[in-house]
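Visitor: The structure under discussion is supplied below as structure tokens; questions concerning it will follow.
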Amino acid sequence: CIQYYRYVARYPKGPFPLPFIGNHGVVDFERQHTGFERISKDFNGICTIFTPSPLVHLRDYELIKEAFIENGDDYIGRPQNKMFEMFAFAPNGGVINSIGDNWREQRRTALSILRDFGMGKNVQETLVQSAITDMLDYLDEMKDRTNVDMHWPIQVMIVNVVNEIMFGFRHKYAESGPLLKFLLDRIFSSKLMFLGISLPFLVDLPFIGWHVQQFVIDNIHRALDGYSTDDEPSCFAQAYKQRMLTNKALDEGNLYAVCSDFFLAGMETTMTTLRWAMVLMAKHQQIQDRLRAEIHSVVGTNRLPSLNDQNNMPFSRACVLEVQRCANVLSNNVYRETRQSIPAGTMVNADIHHVMAHDPLFVHPEKFNPQRYIAEDGNTLRKDLIERTIPFSIGKRSCAGESLAKVELVLCLAAMVQHYRILPCEGVEIDLEPLARGLLRPRDQNLRLEKAF
Ligand code: HEM
């Protein structure tokens with residue numbers, strides 16, 4: 001017992017832990033965003049929570065910035081734990097969970113391939129617009145739009161963008177049944193995750209993660225079937241395969257791991273944010289009308305909104321920022337591992353959720369109010385607020401898909417509001433209370449769509 005508390009004393013102070021169980025019982029691990037919020041408030045922005053493994057929790061923007069930007073190299077690791085390796089196809093493989101030289105090499109290569117395919121630029125804008133057109137066609141053909149489950153069309157649209165980039169093909173709406181088997185929210189139910197970190201043998205039990213792996217493997221096989229490395233690659237998987245010829249750090253295991261990482265990271269987060277956008281618009285009709293007025297006056301109704309339009313659409317940009325701030329989908333960041341100041345190897349959680357939900361710069365942060373981002377001149381956006389809107393985290397290890405996600409979010413939200421009035425179903429109140437399932441998700445609730453022109 002004395003030894004245990006000597007070990008506890010090496011970490012920044014936090015709620016009093018008990019041997020073996022740490023802070024289980026005190027922290028609500030199911031609803032981490034409110035659980036961590038409640039117990040960390042007495043500790044000046046930094047505290048340790050024993051899960052039972054120690055987790056150093058940073059909750060204020062300035063502290064997160066000091067760690068991840070000013071001392072970025074010291075916080076660049078990821079905890080090496082079986083739980084986080086569930087989707088790794090090779091030891092220390094892929095981008096999300098790998099460390100050291102392999103992480104650097106896989107991230108650099110992946111971003112360089114994505115840049116070749118126009119990540120964040122016009123090529124991907126065209127691809128996203130085309131996936132949005134498919135979704136609008138699907139909604140257009142619907143006979144009854146009084147009770148629409150938007151989860152499904154948004155999921156197929158987002159999967160199709162990532163799928164086309166990674167594997168070179170899209171799913172047809174009519175044939176997309178297997179996609180629904182992606183029940184990641186169940187895997188990452190928070191309690192299971194923390195148990196998995198502390199009791200790694202649990203991860204060896206038959207797990208739903210296997211289905212996800214198989215889905216990715218099938219897609220890679222389809223992309224590489226008949227591809228010769230002499231040919232110009234037409235998707236990420238082929239480009240990676242070609243680079244394997246000249247770069248020893250790239251191998252079959254990492255090909256699977258990197259594809260799996262980008263596919264999974266690129267899908268759930270963006271899709272969940274867009275689902276939030278739909279329910280927030282349905283709840284706030286005046287904001288939606290103002291957004292539509294801006295889109296119709298700048299873009300009209302004969303073509304889809306484009307990235308170039310953004311310069312003339314400050315309210316649309318403000319809406320995307322406010323959707324991301326309020327959706328706050330990552331109730332926790334992806335954990336880092338430190339190599340200094342607190343004992344090396346300690347898990348670190350930079351609480352981006354807390355910053356976006358409670359930073360004092362956001363006046364009445366609980367309100368959905370895009371106008372907060374617009375400066376007094378009515379045109380420019382407030383840099384001080386944008387700096388603290390950090391859904392993609394910050395520093396050298398921040399989200400590798402940020403520029404793609406931003407393109408998807410702005411174009412999809414603008415296109416939906418351009419074409420449809422998004423409304424609650426007749427006689428139903430929109431419920432904005434999130435479901436804490438790994439990500440913070442909106443509750444399943446159907447919406448009513450009315451043609452906007
Ligand atoms: C709204 C959408 C998204 C959000 C909110 C989001 C958020 C995040 C966050 C918070 C991290 C952890 C960063 C850190 O450790 O500091 C992350 C990592 C990552 N994201 Fe995203 N992401 C989104 C979309 C995407 C997309 C579209 C892709 C790829 C196509 C992607 C690929 C990745 C990858 C590969 C990592 C791991 C980076 C590394 O460890 O070096 N994400 N994301």
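Labels used: A, B, ... for chains in the order of the structure tokens, numbers from 1 for residues in each chain, and numbers from 1 for ligands as shown.
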Write out as a short mmCIF file (atom, residue, chain, number, x, y, z; two decimals) with C-alpha atoms, in the first residue's frame which residues come within 8 Å of segment 221-235 of chain A when counting only C-alpha atoms, dropping same-chain ones fewer than 4 positions away.
Guide:
data_model
loop_
_atom_site.label_atom_id
_atom_site.label_comp_id
_atom_site.auth_asym_id
_atom_site.auth_seq_id
_atom_site.Cartn_x
_atom_site.Cartn_y
_atom_site.Cartn_z
CA PHE A 117 -4.05 12.97 -55.13
CA GLU A 164 -12.53 6.39 -53.51
CA ILE A 165 -9.32 8.03 -52.29
CA MET A 166 -8.01 4.92 -50.53
CA PHE A 167 -9.30 2.11 -52.79
CA GLY A 168 -10.45 3.73 -56.03
CA PHE A 169 -14.15 2.78 -56.00
CA ILE A 217 -8.72 -6.26 -46.22
CA ALA A 239 0.39 4.34 -54.76
CA LYS A 241 2.26 -0.51 -53.16
CA GLN A 242 4.32 1.27 -55.83
#
Visitor: Can you check which residues of segment 160-360 of chain A DSSP gives as strand (DSSP E or B) on the backbone and send them as a PyMOL selection string?
Guide: chain A and resi 330+336-337+347-350
Visitor: Grab me every residue within 8 Å of ligand 1, counting only C-alpha atoms and all ligand atoms, and send it over as a PyMOL selection string.
Guide: chain A and resi 68+78+95-98+103-104+107+162+258+261-273+324+328-330+332-336+350+352+390-406+409
Visitor: Please list as a list of chain:residue names every residue within 12 Å of Ala344 of chain A, counting only C-alpha atoms and excluding residues in the same chain fewer than 5 positions away.
Guide: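 The residues that qualify are A:Arg10, A:Tyr11, A:Pro54, A:Val56, A:Asp74, A:Tyr75, A:Ile76, A:Gly77, A:Arg78, A:Pro79, A:Arg336, A:Glu337, A:Thr338, A:Arg339.
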Visitor: Which is closer to Ser297 of chain A than all the others in A:Met313, A:Ala67, A:Ala131, A:Ala174, using only C-alpha atoms?
Guide: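 Checking each candidate against Ser297 of chain A, we get A:Met313 as the closest.
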Visitor: Let's see if you can do this: from backbone DSSP, list all helix (DSSP H, G or I) residues in segment 6-164 of chain A, as a ChimeraX atom specification.
Guide: /A:6-9,32-40,61-70,72-75,82-85,100-116,122-140,151-164
Visitor: Any idea what's packed within 10 Å of Glu450 of chain A, counting only C-alpha atoms, ignoring anything in its chain fewer than 6 positions away? Could you give it as a ChimeraX atom specification?
Guide: /A:145-146,419-423
Visitor: When you count only C-alpha atoms, which of these residues is closest to Asn44 of chain A: A:Lys13, A:Val298, A:Glu70, A:Lys383?
Guide: A:Lys13
